[in-house]
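Student: Below are the structure tokens for one structure; questions will follow.
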Amino acid sequence: MAKITGKTKTGYAYSYDERILTDWEFVQLPSITQSGSDMEKIAASTKVVELLVGKDKMDGLLAHVRNHNDGFAPVESIVAEFTDMIS
């Protein structure tokens, strides 16, 4: 099992199992974010980030984003962190 580790542009340190990038659920969820109902899009977006960072590290990611955004976690900031982690 190979780990992918790094830091995002804002300094969030991450580590994840590279196998998640080819996991069926992880790959399927982005299509729902494009074609589902609004509630399905929100649920799928949340789940795909959670699958990448892990449930146990979601609070840390949210805290990091809030620290950089006056206590708020804007969707676009979470997406930017996610994008950094998978690129």
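Each chain in the structure tokens gets a letter, A, B and so on, in the order shown; residues start at 1 in every chain, and ligands are counted from 1 in the order they appear.
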Excluding region 50-65 of chain A and residues on its chain fewer than 3 positions from it, collect all residues at most 8 Å away from it, counting only C-alpha atoms, and give them as an MDAnalysis selection string.
Tutor: chainID A and resid 12 14:16 20 26 46:47 68:69 72:74 77:78
Student: Out of chain A, which residues get helix (DSSP H, G or I) from DSSP, as number ranges by chain?
Tutor: A: 18-22, 24-35, 38-53, 55-67, 75-86
Student: What would the file look like if the residues just selected were written as a compact mmCIF listing (two decimals), in the first residue's frame with C-alpha atoms?
Tutor:
# COMPACT_ATOMS: atom_id res chain seq x y z
CA GLU A 18 -3.12 5.88 -3.51
CA ARG A 19 -5.58 3.05 -4.14
CA ILE A 20 -8.46 5.39 -3.32
CA LEU A 21 -7.93 7.09 -6.69
CA THR A 22 -9.10 3.93 -8.46
CA TRP A 24 -15.16 2.45 -7.59
CA GLU A 25 -17.09 4.64 -5.16
CA PHE A 26 -14.47 7.40 -5.30
CA VAL A 27 -14.50 7.41 -9.12
CA GLN A 28 -18.30 7.24 -9.37
CA LEU A 29 -19.11 10.11 -7.00
CA PRO A 30 -17.85 12.99 -9.18
CA SER A 31 -20.37 12.08 -11.88
CA ILE A 32 -23.16 12.51 -9.32
CA THR A 33 -21.81 15.97 -8.46
CA GLN A 34 -22.43 16.90 -12.09
CA SER A 35 -25.74 15.19 -12.80
CA ASP A 38 -28.88 19.48 -5.57
CA MET A 39 -29.00 17.29 -2.46
CA GLU A 40 -27.28 14.41 -4.27
CA LYS A 41 -24.57 16.78 -5.48
CA ILE A 42 -23.90 18.02 -1.96
CA ALA A 43 -23.86 14.51 -0.51
CA ALA A 44 -21.56 13.20 -3.26
CA SER A 45 -19.15 16.13 -2.93
CA THR A 46 -18.94 15.66 0.82
CA LYS A 47 -18.42 11.91 0.49
CA VAL A 48 -15.66 12.15 -2.13
CA VAL A 49 -13.61 14.53 0.04
CA GLU A 50 -14.24 12.33 3.08
CA LEU A 51 -13.13 9.21 1.20
CA LEU A 52 -9.88 10.91 0.24
CA VAL A 53 -8.87 12.37 3.59
CA LYS A 55 -13.51 10.48 8.29
CA ASP A 56 -11.02 10.88 11.11
CA LYS A 57 -9.25 13.77 9.33
CA MET A 58 -12.26 15.72 8.02
CA ASP A 59 -12.41 17.88 11.15
CA GLY A 60 -8.75 18.79 10.66
CA LEU A 61 -9.33 19.77 7.04
CA LEU A 62 -12.34 21.88 8.00
CA ALA A 63 -10.38 23.55 10.81
CA HIS A 64 -7.54 24.32 8.41
CA VAL A 65 -9.90 25.90 5.87
CA ARG A 66 -11.72 27.85 8.59
CA ASN A 67 -8.41 29.19 9.89
CA VAL A 75 -17.16 25.24 -0.58
CA GLU A 76 -14.71 26.65 -3.09
CA SER A 77 -11.92 26.49 -0.50
CA ILE A 78 -12.65 22.83 0.29
CA VAL A 79 -12.70 22.09 -3.46
CA ALA A 80 -9.36 23.88 -3.88
CA GLU A 81 -7.78 21.80 -1.09
CA PHE A 82 -9.21 18.60 -2.59
CA THR A 83 -7.92 19.53 -6.05
CA ASP A 84 -4.45 20.21 -4.65
CA MET A 85 -4.43 16.82 -2.94
CA ILE A 86 -5.29 14.83 -6.06
Student: So which bits of chain A end up strand (DSSP E or B) when you DSSP the backbone, as a PyMOL selection string?
Tutor: chain A and resi 3-7+13-17
Student: What would the file look like if the residues just selected were written as a PDB file, in the first residue's frame with all heavy atoms?
Tutor:
ATOM      1  N   LYS A   3       1.429   5.263   0.102  1.00  0.00           N
ATOM      2  CA  LYS A   3       0.793   6.481   0.595  1.00  0.00           C
ATOM      3  C   LYS A   3       1.224   7.658  -0.255  1.00  0.00           C
ATOM      4  O   LYS A   3       2.382   7.764  -0.642  1.00  0.00           O
ATOM      5  CB  LYS A   3       1.188   6.751   2.044  1.00  0.00           C
ATOM      6  CG  LYS A   3       0.568   5.817   3.045  1.00  0.00           C
ATOM      7  CD  LYS A   3      -0.841   6.246   3.336  1.00  0.00           C
ATOM      8  CE  LYS A   3      -1.390   5.482   4.523  1.00  0.00           C
ATOM      9  NZ  LYS A   3      -2.727   5.874   4.830  1.00  0.00           N
ATOM     10  N   ILE A   4       0.280   8.525  -0.528  1.00  0.00           N
ATOM     11  CA  ILE A   4       0.580   9.790  -1.171  1.00  0.00           C
ATOM     12  C   ILE A   4       0.513  10.841  -0.080  1.00  0.00           C
ATOM     13  O   ILE A   4      -0.472  10.924   0.647  1.00  0.00           O
ATOM     14  CB  ILE A   4      -0.427  10.086  -2.303  1.00  0.00           C
ATOM     15  CG1 ILE A   4      -0.273   9.049  -3.406  1.00  0.00           C
ATOM     16  CG2 ILE A   4      -0.237  11.509  -2.823  1.00  0.00           C
ATOM     17  CD1 ILE A   4      -1.251   9.168  -4.546  1.00  0.00           C
ATOM     18  N   THR A   5       1.580  11.592   0.062  1.00  0.00           N
ATOM     19  CA  THR A   5       1.644  12.621   1.095  1.00  0.00           C
ATOM     20  C   THR A   5       2.083  13.928   0.477  1.00  0.00           C
ATOM     21  O   THR A   5       2.707  13.957  -0.587  1.00  0.00           O
ATOM     22  CB  THR A   5       2.630  12.244   2.213  1.00  0.00           C
ATOM     23  OG1 THR A   5       3.923  12.074   1.641  1.00  0.00           O
ATOM     24  CG2 THR A   5       2.221  10.970   2.916  1.00  0.00           C
ATOM     25  N   GLY A   6       1.756  15.003   1.146  1.00  0.00           N
ATOM     26  CA  GLY A   6       2.172  16.309   0.664  1.00  0.00           C
ATOM     27  C   GLY A   6       1.503  17.412   1.453  1.00  0.00           C
ATOM     28  O   GLY A   6       0.899  17.175   2.497  1.00  0.00           O
ATOM     29  N   LYS A   7       1.614  18.612   0.931  1.00  0.00           N
ATOM     30  CA  LYS A   7       0.965  19.787   1.506  1.00  0.00           C
ATOM     31  C   LYS A   7       0.281  20.541   0.382  1.00  0.00           C
ATOM     32  O   LYS A   7       0.830  20.671  -0.717  1.00  0.00           O
ATOM     33  CB  LYS A   7       1.975  20.712   2.186  1.00  0.00           C
ATOM     34  CG  LYS A   7       2.414  20.227   3.525  1.00  0.00           C
ATOM     35  CD  LYS A   7       3.167  21.298   4.260  1.00  0.00           C
ATOM     36  CE  LYS A   7       3.539  20.779   5.634  1.00  0.00           C
ATOM     37  NZ  LYS A   7       4.179  21.806   6.431  1.00  0.00           N
ATOM     38  N   ALA A  13      -1.373  19.570   5.489  1.00  0.00           N
ATOM     39  CA  ALA A  13      -0.606  18.328   5.304  1.00  0.00           C
ATOM     40  C   ALA A  13      -1.573  17.167   5.158  1.00  0.00           C
ATOM     41  O   ALA A  13      -2.469  16.994   5.982  1.00  0.00           O
ATOM     42  CB  ALA A  13       0.313  18.107   6.494  1.00  0.00           C
ATOM     43  N   TYR A  14      -1.392  16.387   4.105  1.00  0.00           N
ATOM     44  CA  TYR A  14      -2.291  15.266   3.845  1.00  0.00           C
ATOM     45  C   TYR A  14      -1.513  13.995   3.554  1.00  0.00           C
ATOM     46  O   TYR A  14      -0.336  14.028   3.203  1.00  0.00           O
ATOM     47  CB  TYR A  14      -3.236  15.570   2.675  1.00  0.00           C
ATOM     48  CG  TYR A  14      -2.524  15.800   1.365  1.00  0.00           C
ATOM     49  CD1 TYR A  14      -2.217  14.744   0.517  1.00  0.00           C
ATOM     50  CD2 TYR A  14      -2.142  17.076   0.970  1.00  0.00           C
ATOM     51  CE1 TYR A  14      -1.551  14.948  -0.675  1.00  0.00           C
ATOM     52  CE2 TYR A  14      -1.487  17.288  -0.227  1.00  0.00           C
ATOM     53  CZ  TYR A  14      -1.194  16.223  -1.049  1.00  0.00           C
ATOM     54  OH  TYR A  14      -0.533  16.430  -2.231  1.00  0.00           O
ATOM     55  N   SER A  15      -2.211  12.891   3.714  1.00  0.00           N
ATOM     56  CA  SER A  15      -1.676  11.581   3.403  1.00  0.00           C
ATOM     57  C   SER A  15      -2.857  10.678   3.105  1.00  0.00           C
ATOM     58  O   SER A  15      -3.840  10.675   3.859  1.00  0.00           O
ATOM     59  CB  SER A  15      -0.896  11.043   4.601  1.00  0.00           C
ATOM     60  OG  SER A  15      -0.460   9.719   4.352  1.00  0.00           O
ATOM     61  N   TYR A  16      -2.788   9.952   1.990  1.00  0.00           N
ATOM     62  CA  TYR A  16      -3.854   9.012   1.674  1.00  0.00           C
ATOM     63  C   TYR A  16      -3.297   7.830   0.894  1.00  0.00           C
ATOM     64  O   TYR A  16      -2.238   7.918   0.279  1.00  0.00           O
ATOM     65  CB  TYR A  16      -5.017   9.681   0.931  1.00  0.00           C
ATOM     66  CG  TYR A  16      -4.662  10.335  -0.392  1.00  0.00           C
ATOM     67  CD1 TYR A  16      -4.658   9.603  -1.571  1.00  0.00           C
ATOM     68  CD2 TYR A  16      -4.365  11.685  -0.460  1.00  0.00           C
ATOM     69  CE1 TYR A  16      -4.343  10.199  -2.784  1.00  0.00           C
ATOM     70  CE2 TYR A  16      -4.057  12.299  -1.666  1.00  0.00           C
ATOM     71  CZ  TYR A  16      -4.059  11.543  -2.823  1.00  0.00           C
ATOM     72  OH  TYR A  16      -3.745  12.141  -4.027  1.00  0.00           O
ATOM     73  N   ASP A  17      -4.026   6.750   0.957  1.00  0.00           N
ATOM     74  CA  ASP A  17      -3.679   5.525   0.242  1.00  0.00           C
ATOM     75  C   ASP A  17      -3.949   5.763  -1.245  1.00  0.00           C
ATOM     76  O   ASP A  17      -5.075   6.118  -1.619  1.00  0.00           O
ATOM     77  CB  ASP A  17      -4.547   4.380   0.780  1.00  0.00           C
ATOM     78  CG  ASP A  17      -4.189   3.028   0.204  1.00  0.00           C
ATOM     79  OD1 ASP A  17      -3.813   2.951  -0.992  1.00  0.00           O
ATOM     80  OD2 ASP A  17      -4.325   2.043   0.935  1.00  0.00           O
TER      81      ASP A  17
END
